[in-house]
Number of protein chains: 2
Amino acid sequence: MSMVIDFQTDPSEYRHWRVEYAGEIANLYMDVEEDGGLFDGYELKLNSYDLGVDIELADVVQRMRFEHPEVKVVVMQSGKERVFSAGANIRMLGSASHAHKVNFCKFTNETRNAFEAAEEDSDQKYIAAVKGVCAGGGYELALACNYIMLTNDSSSSVSLPEVPLLAVLPGTGGLTRVTDKRKVRRDLADVFCSVEEGVKGQRAADWKLVDEVVANSKFDATVQDRAREFADDSIKASGLSGIELKPLQRTFGDDGSVTYSLVEVVIDRLAGTAKVTLAGPEGEAPGSVAELHDQGSGSYLLRLARELDDAILHLRLNECEAGLVVFHSQGDPELVLAHERLLLDNTDNWLAGEILKYWKRVLKRIDMTSRSLVAQVEHGSCFAGVLAELLWAVDRSYMMQDEFEGDNRPMAEITLSNGNFGTYPMGNALTRLQTRFLGEPEAVEAAQTRVGESLESEEAQDLGLITYAFDDIDWEDELRIFIEERTSFSPDAMTGMEANLRFAGPETMETRIFGRLTAWQNWIFQRPNAVGPEGALQRYGTGLRGKYNKERV
Amino acid sequence: MSMVIDFQTDPSEYRHWRVEYAGEIANLYMDVEEDGGLFDGYELKLNSYDLGVDIELADVVQRMRFEHPEVKVVVMQSGKERVFSAGANIRMLGSASHAHKVNFCKFTNETRNAFEAAEEDSDQKYIAAVKGVCAGGGYELALACNYIMLTNDSSSSVSLPEVPLLAVLPGTGGLTRVTDKRKVRRDLADVFCSVEEGVKGQRAADWKLVDEVVANSKFDATVQDRAREFADDSIKASGLSGIELKPLQRTFGDDGSVTYSLVEVVIDRLAGTAKVTLAGPEGEAPGSVAELHDQGSGSYLLRLARELDDAILHLRLNECEAGLVVFHSQGDPELVLAHERLLLDNTDNWLAGEILKYWKRVLKRIDMTSRSLVAQVEHGSCFAGVLAELLWAVDRSYMMQDEFEGDNRPMAEITLSNGNFGTYPMGNALTRLQTRFLGEPEAVEAAQTRVGESLESEEAQDLGLITYAFDDIDWEDELRIFIEERTSFSPDAMTGMEANLRFAGPETMETRIFGRLTAWQNWIFQRPNAVGPEGALQRYGTGLRGKYNKERV
C-alpha cells in the first residue's frame with residue numbers, strides 16, 4: 001500500500017454513493033462498486049467499504065453543508081437489495097498494515113462525527129433507513145445518524161459481530177455510541193455485541209438499538225414521511241442556496257511535499273519532519289457577506305481550511321514517517337483578523353457560520369493527529385485569531401524574541417480574537433485555552449482582556465500563550481536540538497503520551513471514542529488472537545475460526 | 001513466573017517498608033531490599049519496585065485505615081540516601097510477560113488510588129517528602145499523595161523519563177495525574193515528560209509538579225511541621241483506636257481453587273471458568289457498634305470483603321486462563337441486609353464507615369477485572385443489599401424462575417437496600433444502578449421505591465435488575481450454551497469490549513487512568529519499539545538505545 005491516497009474527489013467521480021436532491025430532503029444511496037477498492041486483493045461485496053468509499057462519503061457530507069444548505073434531512077440508505085452494509089471490508093483489514101488499519105479507523109470516525117456535527121451545528125439531520133443486513137461498520141454508519149429506522153422482515157437486522165466473528169472491536173465508535181449515545185443497558189449491550197446474527201424487529205427497538213421498526217410493506221413510504229416531518233419541524237432556515245466547492249489547486253512533489261495556494265508542506269524524509277507553512281490573506285477581507293458569497297470557495301479562510309485539512313490527511317496516510325509536524329505562518333495578522341471578523345460578526349449568515357464550523361472540525365482533526373506537533377512563531381508570522389488556535393493545538397510552541405540579525409520582517413507577535421474564546425471548541429467541549437489553563441481559569445480571563453492587542457514574546461510568555469521564547473543567539477540551536485531529540489524518540493511512546501496529555505479535563509463521547517475505544521482497538525489490532533496467522537482476522541473466510549491463546553490480560 | 005503470588009502479608013513479614021507510628025502522624029519509609037524481588041533475575045536497586053513491594057504497600061495502606069484510625073497524616077519518604085524511588089524495576093518489566101506487566105500496572109494503580117481514597121473517604125492524608133531522585137513510578141507514588149514536598153539541592157528532582165528512556169508510558173497514572181490532578185499546563189507537561197533528567201528546585205513548584213520546595217537544611221523539620229499542621233487542621237476524629245486485621249483463613253487446592261471461610265473459588269481450567277460462591281452470614285448481625293468492634297476482622301461483612309478481594313487478586317494474577325468468572329451466593333438475604341443495615345445506620349462510627357468504604361473499593365476492583373463476569377441468582381441465594389451490587393458489576397446475570405424440580409431451597413430473590421443508591425459508587429462516580437440506567441433515570445427511582453422487598457424473577461426482570469430469567473426447563477441449557485460460547489471468544493476482544501461497555505456516562509480521573517491511559521500503555525507494551533529485541537525496554541542497561549521503526553500509527 002505505497003500509492004499516494006488522494007482525499008479530494010467530487011460527485012462526478014463517485015463510484016460508491018449517489019445523492020438524489022429533492023428540495024429539503026436528500027436521499028443518499030450507498031451502492032458500493034465491488035471492484036472499486038482502493039487497493040488490489042479484495043472485492044467490496046455487500047456494500048462493505050474501504051478508505052476509498054469513506055473518502056467519497058466524507059465528500060458527500062462536506063458538500064451537503066456548503067453546496068446544499070437547503071437540505072434539512074438526509075436519508076442514508078442502501079442502493080442494493082437485501083443489504084444495508086456489511087461494514088468495513090474484512091479482507092482489506094486482514095491485509096492492511098497496522099498503521100493503515102489505525103488511520104483508516106480514525107478517518108472513518110471523523111466522518112461519522114461529521115454527520116453528528118451536521119445536525120448539531122447546522123440542523124442537517126441524518127436518518128438511517130435500514131433494510132437488509134446492517135452489520136458491524138454498517139450499523140456504526142447508522143449509529144452516527146440521529147434517527148434509525150429498521151424494516152420489520154425476517155432478514156433485516158442490526159448487529160456488531162466483530163467480537164465473536166473477528167476478535168476485534170467495532171472500530172468506528174460502535175461500543176461508545178451504544179452505551180453513551182443510545183444508552184443501551186450494559187447487559188443488553190453485552191448480549192448484542194456477542195451474537196453474530198444481531199437483533200431484529202421489535203426487540204431492536206425495545207433495546208433502543210433503533211428508534212423505530214416499521215412493517216416492510218410500509219417502510220419506504222414511512223421513511224419519506226418521517227423525513228418530511230423532520231424537515232417541517234426543522235429550525236434550519238429555508239431556501240438557502242449553496243456555493244460550489246471548486247477543486248483545490250495542488251502540486252505534489254516527488255518527496256511527498258505539496259504546494260497549495262495558501263499552504264506549503266515540505267517533507268524532510270531523512271529528518272522525519274514536515275514543515276507546514278500557512279500564508280496570510282493576499283488582500284482585504286470581503287466588505288460584506290454578499291462579497292463573501294461571491295468569492296465562494298475562493299474566499300481566504302475557507303480556502304485555507306480546505307487546504308490545511310487536505311494537507312493533514314496527506315501527512316497522516318501518505319507520510320507516516322514524518323513524525324514531527326512544524327507549523328509556520330507568514331503574513332499580515334491584521335488581515336487574518338479582518339477576514340475572521342467578517343465571519344464572527346455574521347454568524348447568522350449560513351456561509352459565514354459554516355466556514356467557522358469547518359475550522360472547528362479542521363482544528364479537531366489536528367488535535368487528533370498522532371504526530372508530534374510544534375509551532376514556530378517567527379518574525380513576519382500571522383498567528384492571529386483562528387490561526388492562533390494552532391499554538392494551543394500543538395504540543396509546544398517556540399517564539400522569536402527581539403530582533404534577529406538580517407531579518408527585517410515585522411516582529412513576531414500573537415493577536416487574540418473573540419473567536420479564541422468559544423468558536424472552536426475541542427472534542428472535550430472546552431476551548432483550547434480552557435484546556436490549556438485547566439487549573440487556572442483566571443489565566444483565560446487575563447488573556448481575554450487582551451483581545452486585539454499585538455502581543456510580542458515577553459507578553460505572550462507572561463500570559464502563558466507560548467512555551468518558549470528565544471532570541472537570535474539561541475533560536476537556531478534550541479530548535480535544532482529539540483527537533484533532533486523529538487524525532488529520536490519511539491513514535492509509539494510519543495503517540496501514547498500525546499493522546500494522554502492533549503485532552504485534559506472533561507471527556508465527551510467524542511474523546512471517549514478517540515481515547516478509550518481507539519486505544520483498546522489499537523491494542524487488539526496488535527494481538528496474535530486477531531492478527532496472527534491463526535487469528536480470527538486472518539482466518540476470516542477460510543472456514544476456520546480463530547485459534548486463541550486463552551490467557552486474559 | 002508460574003509461582004502462586006500471595007497478596008496477603010503483615011507487618012512482621014515486610015521486607016521493603018517500615019512504619020513509625022507517632023500518634024496522629026505516621027512516618028512511612030520505603031527501603032526496598034535489593035535481593036527481595038518476587039522473582040529471580042533482577043535486583044531491586046535504588047528503591048525500585050516490583051509487585052512484591054507493592055503488595056506490602058497495599059497492606060500498609062489498608063492497615064492504616066483499620067488498625068490505625070488515629071493516624072491523620074502519613075509521610076511517605078525514602079529510607080535510603082540520595083534516592084526517593086527509581087520507579088518500577090526495568091529488568092523485571094523487560095523480562096515479564098505481557099499479562100504480568102498489565103496486571104502489575106493495574107494493581108499498582110489500585111494501590112495509588114487507595115492513598116487518594118484514604119484522604120477523600122477518611123481524612124487520612126498522604127504527604128510525599130522527596131529527597132533524591134524521584135523518577136518514573138517513584139514520582140507516580142508521589143503524585144498519588146495529596147501534597148508533594150521536594151528538597152532543594154542539586155541532585156533531587158522529579159521526573160517521568162519513561163518515554164525518552166524506555167519507549168513506554170509512565171504506567172501508574174502519571175500522565176493523567178499531571179494533567180488532571182495537578183493541572184500542569186500541557187506544553188510544560190510535554191517538556192517534563194520528554195526530559196530524562198526531570199525538573200528540580202523552584203521550577204518544579206512553578207510548573208506545579210510539586211507543592212513546595214524547601215531548602216535542604218530545613219527539609220526534614222519542615223516536613224514534620226507540615227505534617228503537624230495538616231494533622232491539626234484535619235477534621236478526622238481524634239483518639240480512635242483500631243482493630244487488628246487477622247490473617248485470612250484459606251486453603252489452596254492444587255488446581256487453583258481456594259476455600260475461605262465465606263468464599264469458595266472453584267477453578268475449571270479445562271473450561272476456562274472460575275466459580276465464586278459467597279456465603280451469607282452464619283448468624284445475626286451484631287446488636288450494636290460495640291459488638292461490631294468486638295468482632296473486629298471476624299465480623300461478617302469485613303471478613304467477606306477481605307476474602308473476596310483476595311480471591312479476585314488470586315484469579316487475576318494466578319489464574320489468567322479463567323476467562324469467565326461466575327458469581328453465586330447462598331444464604332439468608334435478610335441476614336445480609338441486617339448486617340449491612342447496622343453499618344448504614346452507623347456511618348458516624350469509624351469502623352462501620354471503613355467497612356462500607358472498603359466494600360466500595362472491592363466492588364471497584366471487580367469492575368476493573370478484565371474477565372467476563374456473570375452472576376447466577378439461584379434458589380437459596382442472598383443477593384441482597386451490598387451483595388446485589390455484584391449483579392450490576394457483572395456483564396450479565398441469570399435468575400432462576402419458578403420452582404425447580406427437587407430443589408427445596410427458598411425461591412430465588414433479590415432485595416435492594418438503601419446502600420444500593422449511593423454507598424458504593426463506581427469509578428465514574430455514579431452508582432451501578434445509575435450507570436445501568438443511564439438513559440432511564442426513572443428506572444433508578446422505580447427501583448428505589450422497592451427497597452426492602454423480596455423481588456422474585458418476574459419483578460426483578462420488570463425492574464431491569466437482571467438480564468435473563470429461566471425456568472427449570474431452560475436454565476441448565478441456557479447457562480451451558482452461554483458459558484461455552486463466551487469462553488470460545490478471543491480473550492483480548494472480550495477485554496476490550498468489556499472495558500468499553502462497563503463504564504458508560506461521565507469519566508473521572510480514575511476511569512481515565514484505567515480506560516484511556518491503560519489502553520495506550522497496553523498497546524505500547526505490545527509494540528516492537530518497546531518490547532522487541534531492539535526495543536528500548538529490552539535494551540535498557542546494555543548501553544544501546546532502542547532502535548525504532550519510525551512509522552507513526
# chains A, B, ... in the order shown; residues from 1 in each chain; ligands from 1
>>> closest_atom_pairs(of="chain A", to="chain B", cutoff="7 Å", atoms="only C-alpha atoms", output="tab-separated table")
residue	atom	partner	partner_atom	distance
A:Ala99	CA	B:Val553	CA	4.6
A:Val102	CA	B:Val553	CA	6.5
A:Asn103	CA	B:Val553	CA	6.9
A:Val163	CA	B:Ala493	CA	5.7
A:Pro164	CA	B:Phe489	CA	5.9
A:Ala167	CA	B:Ala493	CA	5.1
A:Val168	CA	B:Ala493	CA	5.3
A:Leu169	CA	B:Ala493	CA	6.3
A:Leu175	CA	B:Asn500	CA	6.5
A:Thr176	CA	B:Asn500	CA	6.8
A:Thr179	CA	B:Ala504	CA	5.6
A:Asp180	CA	B:Ala504	CA	5.8
A:Lys183	CA	B:Gly439	CA	5.1
A:Arg185	CA	B:Arg436	CA	5.6
A:Arg186	CA	B:Leu501	CA	6.0
A:Asp187	CA	B:Arg396	CA	4.9
A:Asp190	CA	B:Asp395	CA	6.5
A:Cys320	CA	B:Arg552	CA	5.2
A:Glu321	CA	B:Glu551	CA	4.5
A:Gly323	CA	B:Arg552	CA	6.1
A:Ser370	CA	B:Val553	CA	6.9
A:Arg371	CA	B:Arg552	CA	7.0
A:Asp395	CA	B:Asp187	CA	5.4
A:Arg396	CA	B:Asp187	CA	4.9
A:Arg436	CA	B:Arg185	CA	5.6
A:Phe437	CA	B:Arg185	CA	6.3
A:Leu438	CA	B:Lys183	CA	6.1
A:Gly439	CA	B:Lys183	CA	5.1
A:Thr467	CA	B:Asp187	CA	6.3
A:Phe489	CA	B:Pro164	CA	5.9
A:Ser490	CA	B:Ala167	CA	5.4
A:Pro491	CA	B:Arg552	CA	5.7
A:Asp492	CA	B:Ile524	CA	6.3
A:Ala493	CA	B:Ala167	CA	5.1
A:Gly496	CA	B:Trp520	CA	5.5
A:Met497	CA	B:Leu169	CA	6.6
A:Asn500	CA	B:Leu517	CA	6.5
A:Leu501	CA	B:Arg186	CA	6.0
A:Arg502	CA	B:Arg186	CA	6.6
A:Ala504	CA	B:Thr179	CA	5.6
A:Gly505	CA	B:Asp180	CA	6.2
A:Glu507	CA	B:Glu507	CA	6.1
A:Gly515	CA	B:Arg516	CA	5.3
A:Arg516	CA	B:Arg516	CA	4.3
A:Leu517	CA	B:Asn500	CA	6.5
A:Ala519	CA	B:Ala519	CA	5.2
A:Trp520	CA	B:Ala519	CA	5.2
A:Asn522	CA	B:Trp523	CA	6.4
A:Trp523	CA	B:Trp523	CA	4.2
A:Ile524	CA	B:Asp492	CA	6.3
A:Gln526	CA	B:Gln526	CA	6.7
A:Asn529	CA	B:Ser490	CA	6.4
A:Tyr548	CA	B:Ser490	CA	5.9
A:Lys550	CA	B:Glu321	CA	5.5
A:Glu551	CA	B:Glu321	CA	4.5
A:Arg552	CA	B:Cys320	CA	5.2
A:Val553	CA	B:Ala99	CA	4.6
>>> residues_around(residues="Val73 in chain B", least_positions_apart="6", cutoff="8 Å", atoms="only C-alpha atoms", output="list of chain:residue names")
B:Glu24, B:Ile25, B:Ala26, B:Gln124, B:Lys125, B:Tyr126, B:Ile127, B:Ala227, B:Phe230, B:Ala231
>>> write_last_selection(atoms="N, CA and C atoms", output="PDB file, in the first residue's frame")
ATOM      1  N   GLU B  24      -0.831  10.950  65.802  1.00  0.00           N
ATOM      2  CA  GLU B  24      -1.621  11.299  64.619  1.00  0.00           C
ATOM      3  C   GLU B  24      -0.797  11.285  63.338  1.00  0.00           C
ATOM      4  N   ILE B  25       0.507  11.146  63.474  1.00  0.00           N
ATOM      5  CA  ILE B  25       1.389  11.161  62.305  1.00  0.00           C
ATOM      6  C   ILE B  25       2.106   9.819  62.189  1.00  0.00           C
ATOM      7  N   ALA B  26       2.122   9.283  60.983  1.00  0.00           N
ATOM      8  CA  ALA B  26       2.880   8.057  60.739  1.00  0.00           C
ATOM      9  C   ALA B  26       3.952   8.359  59.717  1.00  0.00           C
ATOM     10  N   GLN B 124      -7.428  10.756  55.883  1.00  0.00           N
ATOM     11  CA  GLN B 124      -6.077  10.299  56.183  1.00  0.00           C
ATOM     12  C   GLN B 124      -5.211  10.779  55.012  1.00  0.00           C
ATOM     13  N   LYS B 125      -4.383  11.780  55.303  1.00  0.00           N
ATOM     14  CA  LYS B 125      -3.698  12.494  54.223  1.00  0.00           C
ATOM     15  C   LYS B 125      -2.276  11.979  54.024  1.00  0.00           C
ATOM     16  N   TYR B 126      -1.882  11.801  52.770  1.00  0.00           N
ATOM     17  CA  TYR B 126      -0.519  11.362  52.453  1.00  0.00           C
ATOM     18  C   TYR B 126       0.313  12.537  51.945  1.00  0.00           C
ATOM     19  N   ILE B 127       1.479  12.706  52.567  1.00  0.00           N
ATOM     20  CA  ILE B 127       2.478  13.671  52.091  1.00  0.00           C
ATOM     21  C   ILE B 127       3.624  12.872  51.481  1.00  0.00           C
ATOM     22  N   ALA B 227       3.370  18.175  58.444  1.00  0.00           N
ATOM     23  CA  ALA B 227       2.536  17.044  58.861  1.00  0.00           C
ATOM     24  C   ALA B 227       1.728  17.425  60.102  1.00  0.00           C
ATOM     25  N   PHE B 230      -1.096  19.804  59.102  1.00  0.00           N
ATOM     26  CA  PHE B 230      -2.207  19.104  58.450  1.00  0.00           C
ATOM     27  C   PHE B 230      -3.001  18.308  59.484  1.00  0.00           C
ATOM     28  N   ALA B 231      -2.292  17.683  60.413  1.00  0.00           N
ATOM     29  CA  ALA B 231      -2.998  16.897  61.440  1.00  0.00           C
ATOM     30  C   ALA B 231      -3.873  17.819  62.293  1.00  0.00           C
TER      31      ALA B 231
END
>>> residues_around(residues="Pro281 in chain A", least_positions_apart="2", cutoff="8 Å", atoms="only C-alpha atoms", output="mmCIF file with all heavy atoms, in the first residue's frame")
data_model
loop_
_atom_site.group_PDB
_atom_site.id
_atom_site.type_symbol
_atom_site.label_atom_id
_atom_site.label_comp_id
_atom_site.auth_asym_id
_atom_site.auth_seq_id
_atom_site.Cartn_x
_atom_site.Cartn_y
_atom_site.Cartn_z
ATOM 1 N N ALA A 279 -0.050 30.721 4.646
ATOM 2 C CA ALA A 279 0.113 32.098 4.191
ATOM 3 C C ALA A 279 -1.067 32.939 4.650
ATOM 4 O O ALA A 279 -2.207 32.469 4.675
ATOM 5 C CB ALA A 279 0.201 32.126 2.667
ATOM 6 N N GLY A 283 -5.258 39.726 0.281
ATOM 7 C CA GLY A 283 -5.860 41.056 0.226
ATOM 8 C C GLY A 283 -6.858 41.284 1.335
ATOM 9 O O GLY A 283 -6.985 40.491 2.274
ATOM 10 N N GLU A 284 -7.550 42.410 1.221
ATOM 11 C CA GLU A 284 -8.518 42.825 2.228
ATOM 12 C C GLU A 284 -9.614 41.776 2.400
ATOM 13 O O GLU A 284 -9.910 41.007 1.485
ATOM 14 C CB GLU A 284 -9.187 44.140 1.784
ATOM 15 C CG GLU A 284 -8.232 45.310 1.657
ATOM 16 C CD GLU A 284 -7.593 45.703 2.989
ATOM 17 O OE1 GLU A 284 -8.303 45.640 4.012
ATOM 18 O OE2 GLU A 284 -6.390 46.036 3.007
ATOM 19 N N TYR A 300 -10.702 33.537 1.498
ATOM 20 C CA TYR A 300 -9.456 33.170 2.176
ATOM 21 C C TYR A 300 -9.607 32.073 3.222
ATOM 22 O O TYR A 300 -8.930 31.037 3.176
ATOM 23 C CB TYR A 300 -8.808 34.421 2.800
ATOM 24 C CG TYR A 300 -7.624 34.097 3.692
ATOM 25 C CD1 TYR A 300 -6.416 33.643 3.129
ATOM 26 C CD2 TYR A 300 -7.703 34.195 5.074
ATOM 27 C CE1 TYR A 300 -5.330 33.320 3.944
ATOM 28 C CE2 TYR A 300 -6.618 33.879 5.892
ATOM 29 C CZ TYR A 300 -5.443 33.439 5.317
ATOM 30 O OH TYR A 300 -4.380 33.123 6.112
ATOM 31 N N GLY A 331 2.557 36.303 7.074
ATOM 32 C CA GLY A 331 1.522 37.164 6.509
ATOM 33 C C GLY A 331 1.156 38.268 7.489
ATOM 34 O O GLY A 331 1.806 38.450 8.523
ATOM 35 N N ASP A 332 0.106 38.974 7.151
ATOM 36 C CA ASP A 332 -0.293 40.140 7.933
ATOM 37 C C ASP A 332 -1.376 39.734 8.938
ATOM 38 O O ASP A 332 -2.495 39.394 8.548
ATOM 39 C CB ASP A 332 -0.831 41.207 6.973
ATOM 40 C CG ASP A 332 -1.225 42.487 7.708
ATOM 41 O OD1 ASP A 332 -1.392 42.444 8.948
ATOM 42 O OD2 ASP A 332 -1.399 43.513 7.023
ATOM 43 N N LEU A 335 -4.787 41.372 8.670
ATOM 44 C CA LEU A 335 -5.664 40.885 7.597
ATOM 45 C C LEU A 335 -6.354 39.582 8.003
ATOM 46 O O LEU A 335 -7.532 39.366 7.716
ATOM 47 C CB LEU A 335 -4.871 40.685 6.304
ATOM 48 C CG LEU A 335 -4.527 41.951 5.523
ATOM 49 C CD1 LEU A 335 -3.730 41.585 4.255
ATOM 50 C CD2 LEU A 335 -5.784 42.723 5.137
ATOM 51 N N VAL A 336 -5.603 38.700 8.677
ATOM 52 C CA VAL A 336 -6.228 37.456 9.158
ATOM 53 C C VAL A 336 -7.398 37.799 10.066
ATOM 54 O O VAL A 336 -8.508 37.258 9.931
ATOM 55 C CB VAL A 336 -5.207 36.582 9.916
ATOM 56 C CG1 VAL A 336 -5.908 35.382 10.559
ATOM 57 C CG2 VAL A 336 -4.085 36.124 8.989
#
>>> closest_residue(among="A:Leu390, A:Met149, A:Glu244, A:Ser157", to="Val214 in chain A", atoms="only C-alpha atoms")
A:Met149
>>> select_by_dssp(residues="range 362-405 of chain A", states="strand (DSSP E or B)", output="count of residues only")
13
>>> residues_around(residues="Ser155 in chain A", least_positions_apart="5", cutoff="10 Å", atoms="only C-alpha atoms", output="ChimeraX atom specification")
/A:82-83,131-133,197,200-201
>>> write_last_selection(atoms="N, CA, C and O atoms", output="PDB file, in the first residue's frame")
ATOM      1  N   ARG A  82     -31.469  -6.256  -0.137  1.00  0.00           N
ATOM      2  CA  ARG A  82     -31.189  -7.196   0.961  1.00  0.00           C
ATOM      3  C   ARG A  82     -29.939  -6.908   1.806  1.00  0.00           C
ATOM      4  O   ARG A  82     -29.550  -7.729   2.631  1.00  0.00           O
ATOM      5  N   VAL A  83     -29.280  -5.809   1.549  1.00  0.00           N
ATOM      6  CA  VAL A  83     -28.164  -5.480   2.441  1.00  0.00           C
ATOM      7  C   VAL A  83     -28.065  -3.958   2.597  1.00  0.00           C
ATOM      8  O   VAL A  83     -28.148  -3.223   1.616  1.00  0.00           O
ATOM      9  N   LYS A 131     -32.694  -1.466   5.621  1.00  0.00           N
ATOM     10  CA  LYS A 131     -33.332  -2.663   5.066  1.00  0.00           C
ATOM     11  C   LYS A 131     -32.224  -3.662   4.797  1.00  0.00           C
ATOM     12  O   LYS A 131     -31.222  -3.299   4.193  1.00  0.00           O
ATOM     13  N   GLY A 132     -32.427  -4.887   5.218  1.00  0.00           N
ATOM     14  CA  GLY A 132     -31.409  -5.905   4.983  1.00  0.00           C
ATOM     15  C   GLY A 132     -30.363  -5.910   6.081  1.00  0.00           C
ATOM     16  O   GLY A 132     -30.515  -5.269   7.122  1.00  0.00           O
ATOM     17  N   VAL A 133     -29.296  -6.609   5.832  1.00  0.00           N
ATOM     18  CA  VAL A 133     -28.248  -6.788   6.842  1.00  0.00           C
ATOM     19  C   VAL A 133     -27.528  -5.465   7.098  1.00  0.00           C
ATOM     20  O   VAL A 133     -27.104  -4.786   6.158  1.00  0.00           O
ATOM     21  N   GLU A 197     -25.489 -12.872  14.772  1.00  0.00           N
ATOM     22  CA  GLU A 197     -26.639 -12.590  13.913  1.00  0.00           C
ATOM     23  C   GLU A 197     -27.354 -11.296  14.281  1.00  0.00           C
ATOM     24  O   GLU A 197     -28.222 -10.832  13.548  1.00  0.00           O
ATOM     25  N   LYS A 200     -33.197  -8.240  15.566  1.00  0.00           N
ATOM     26  CA  LYS A 200     -34.104  -7.703  14.547  1.00  0.00           C
ATOM     27  C   LYS A 200     -35.465  -7.375  15.132  1.00  0.00           C
ATOM     28  O   LYS A 200     -35.762  -7.690  16.278  1.00  0.00           O
ATOM     29  N   GLY A 201     -36.269  -6.719  14.306  1.00  0.00           N
ATOM     30  CA  GLY A 201     -37.661  -6.469  14.665  1.00  0.00           C
ATOM     31  C   GLY A 201     -37.826  -5.653  15.935  1.00  0.00           C
ATOM     32  O   GLY A 201     -36.968  -4.842  16.304  1.00  0.00           O
TER      33      GLY A 201
END
>>> closest_residue(among="A:Phe383, A:Phe39, A:Tyr29, A:Trp17", to="Leu57 in chain A", atoms="only C-alpha atoms")
A:Trp17
>>> residues_around(residues="Asn109 in chain A", least_positions_apart="5", cutoff="9 Å", atoms="only C-alpha atoms", output="ChimeraX atom specification")
/A:104,114,171-173,513-514
>>> closest_residue(among="B:Val289, B:Val258, B:Ile355, B:Leu141", to="His314 in chain B", atoms="only C-alpha atoms")
B:Val258
>>> residues_around(residues="Phe421 in chain B", least_positions_apart="3", cutoff="12 Å", atoms="only C-alpha atoms", output="number ranges by chain")
B: 344, 385-386, 388-389, 416-418, 424-426, 429-435, 444-451
>>> residues_around(residues="Leu278 in chain A", least_positions_apart="2", cutoff="9 Å", atoms="only C-alpha atoms", output="compact mmCIF listing (two decimals) with all heavy atoms, in the first residue's frame")
# COMPACT_ATOMS: atom_id res chain seq x y z
N LEU A 262 -2.31 28.41 -0.53
CA LEU A 262 -2.02 29.11 0.72
C LEU A 262 -1.21 28.27 1.71
O LEU A 262 -0.78 28.77 2.73
CB LEU A 262 -3.33 29.52 1.41
CG LEU A 262 -4.19 30.56 0.68
CD1 LEU A 262 -5.58 30.63 1.29
CD2 LEU A 262 -3.52 31.95 0.74
N VAL A 263 -1.07 27.01 1.42
CA VAL A 263 -0.39 26.10 2.35
C VAL A 263 0.76 25.44 1.62
O VAL A 263 0.62 25.02 0.47
CB VAL A 263 -1.36 25.01 2.87
CG1 VAL A 263 -0.62 24.00 3.75
CG2 VAL A 263 -2.52 25.64 3.62
N GLU A 264 1.89 25.37 2.29
CA GLU A 264 3.02 24.66 1.70
C GLU A 264 3.48 23.58 2.69
O GLU A 264 3.69 23.87 3.87
CB GLU A 264 4.17 25.63 1.44
CG GLU A 264 5.32 24.95 0.74
CD GLU A 264 6.47 25.90 0.44
OE1 GLU A 264 6.80 26.70 1.33
OE2 GLU A 264 7.02 25.82 -0.67
N VAL A 276 4.90 22.80 7.71
CA VAL A 276 3.63 23.25 7.13
C VAL A 276 3.54 24.76 7.32
O VAL A 276 3.50 25.24 8.47
CB VAL A 276 2.43 22.57 7.82
CG1 VAL A 276 1.12 23.10 7.25
CG2 VAL A 276 2.51 21.05 7.65
N GLY A 280 -0.79 34.17 4.98
CA GLY A 280 -1.85 35.11 5.31
C GLY A 280 -2.62 35.51 4.05
O GLY A 280 -2.28 35.09 2.93
N LEU A 304 -8.19 28.28 2.91
CA LEU A 304 -7.11 27.86 3.81
C LEU A 304 -7.52 26.61 4.60
O LEU A 304 -6.74 25.68 4.76
CB LEU A 304 -6.77 29.00 4.76
CG LEU A 304 -5.59 28.75 5.72
CD1 LEU A 304 -4.29 28.57 4.95
CD2 LEU A 304 -5.45 29.91 6.72
N LEU A 308 -5.56 23.12 4.36
CA LEU A 308 -4.92 22.61 5.58
C LEU A 308 -5.47 21.22 5.90
O LEU A 308 -4.72 20.30 6.27
CB LEU A 308 -5.16 23.59 6.73
CG LEU A 308 -4.59 23.24 8.09
CD1 LEU A 308 -3.08 23.01 8.04
CD2 LEU A 308 -4.92 24.35 9.11
N PHE A 327 4.48 23.79 12.41
CA PHE A 327 3.63 24.80 11.79
C PHE A 327 4.33 26.16 11.81
O PHE A 327 4.84 26.60 12.85
CB PHE A 327 2.30 24.93 12.54
CG PHE A 327 1.39 23.75 12.35
CD1 PHE A 327 1.31 22.75 13.31
CD2 PHE A 327 0.64 23.63 11.19
CE1 PHE A 327 0.49 21.65 13.14
CE2 PHE A 327 -0.19 22.53 11.00
CZ PHE A 327 -0.28 21.53 11.97
N HIS A 328 4.29 26.80 10.64
CA HIS A 328 4.78 28.17 10.48
C HIS A 328 3.65 28.98 9.86
O HIS A 328 2.74 28.42 9.26
CB HIS A 328 5.96 28.24 9.50
CG HIS A 328 7.15 27.42 9.90
ND1 HIS A 328 8.33 27.97 10.32
CD2 HIS A 328 7.34 26.08 9.92
CE1 HIS A 328 9.20 27.01 10.59
NE2 HIS A 328 8.63 25.85 10.35
N SER A 329 3.76 30.31 9.96
CA SER A 329 2.86 31.16 9.17
C SER A 329 3.62 32.40 8.76
O SER A 329 4.61 32.77 9.40
CB SER A 329 1.61 31.53 9.98
OG SER A 329 1.93 32.40 11.04
N GLN A 330 3.19 32.97 7.67
CA GLN A 330 3.78 34.23 7.21
C GLN A 330 2.66 35.06 6.60
O GLN A 330 1.91 34.58 5.75
CB GLN A 330 4.87 34.00 6.15
CG GLN A 330 6.20 33.53 6.73
CD GLN A 330 6.92 34.59 7.54
OE1 GLN A 330 7.19 35.68 7.06
NE2 GLN A 330 7.23 34.27 8.81
N GLY A 331 2.56 36.30 7.07
CA GLY A 331 1.52 37.16 6.51
C GLY A 331 1.16 38.27 7.49
O GLY A 331 1.81 38.45 8.52
N CYS A 382 1.74 35.28 11.23
CA CYS A 382 0.38 35.80 11.40
C CYS A 382 -0.49 34.85 12.22
O CYS A 382 -1.58 34.48 11.82
CB CYS A 382 -0.25 36.10 10.04
SG CYS A 382 -0.27 34.70 8.89
N LEU A 387 -5.96 31.42 13.53
CA LEU A 387 -4.64 30.78 13.32
C LEU A 387 -3.88 30.63 14.63
O LEU A 387 -3.02 29.75 14.76
CB LEU A 387 -3.81 31.55 12.29
CG LEU A 387 -4.40 31.60 10.87
CD1 LEU A 387 -3.35 32.12 9.89
CD2 LEU A 387 -4.92 30.25 10.42
>>> atom_distance(atom1="CA of Met3 in chain A", atom2="CA of Arg269 in chain A")
16.4 Å
>>> atom_distance(atom1="CA of Glu196 in chain B", atom2="CA of Gly136 in chain B")
9.7 Å
>>> closest_residue(among="B:Val531, B:Leu337, B:Leu479, B:Ile5", to="Gly452 in chain B", atoms="only C-alpha atoms")
B:Leu337
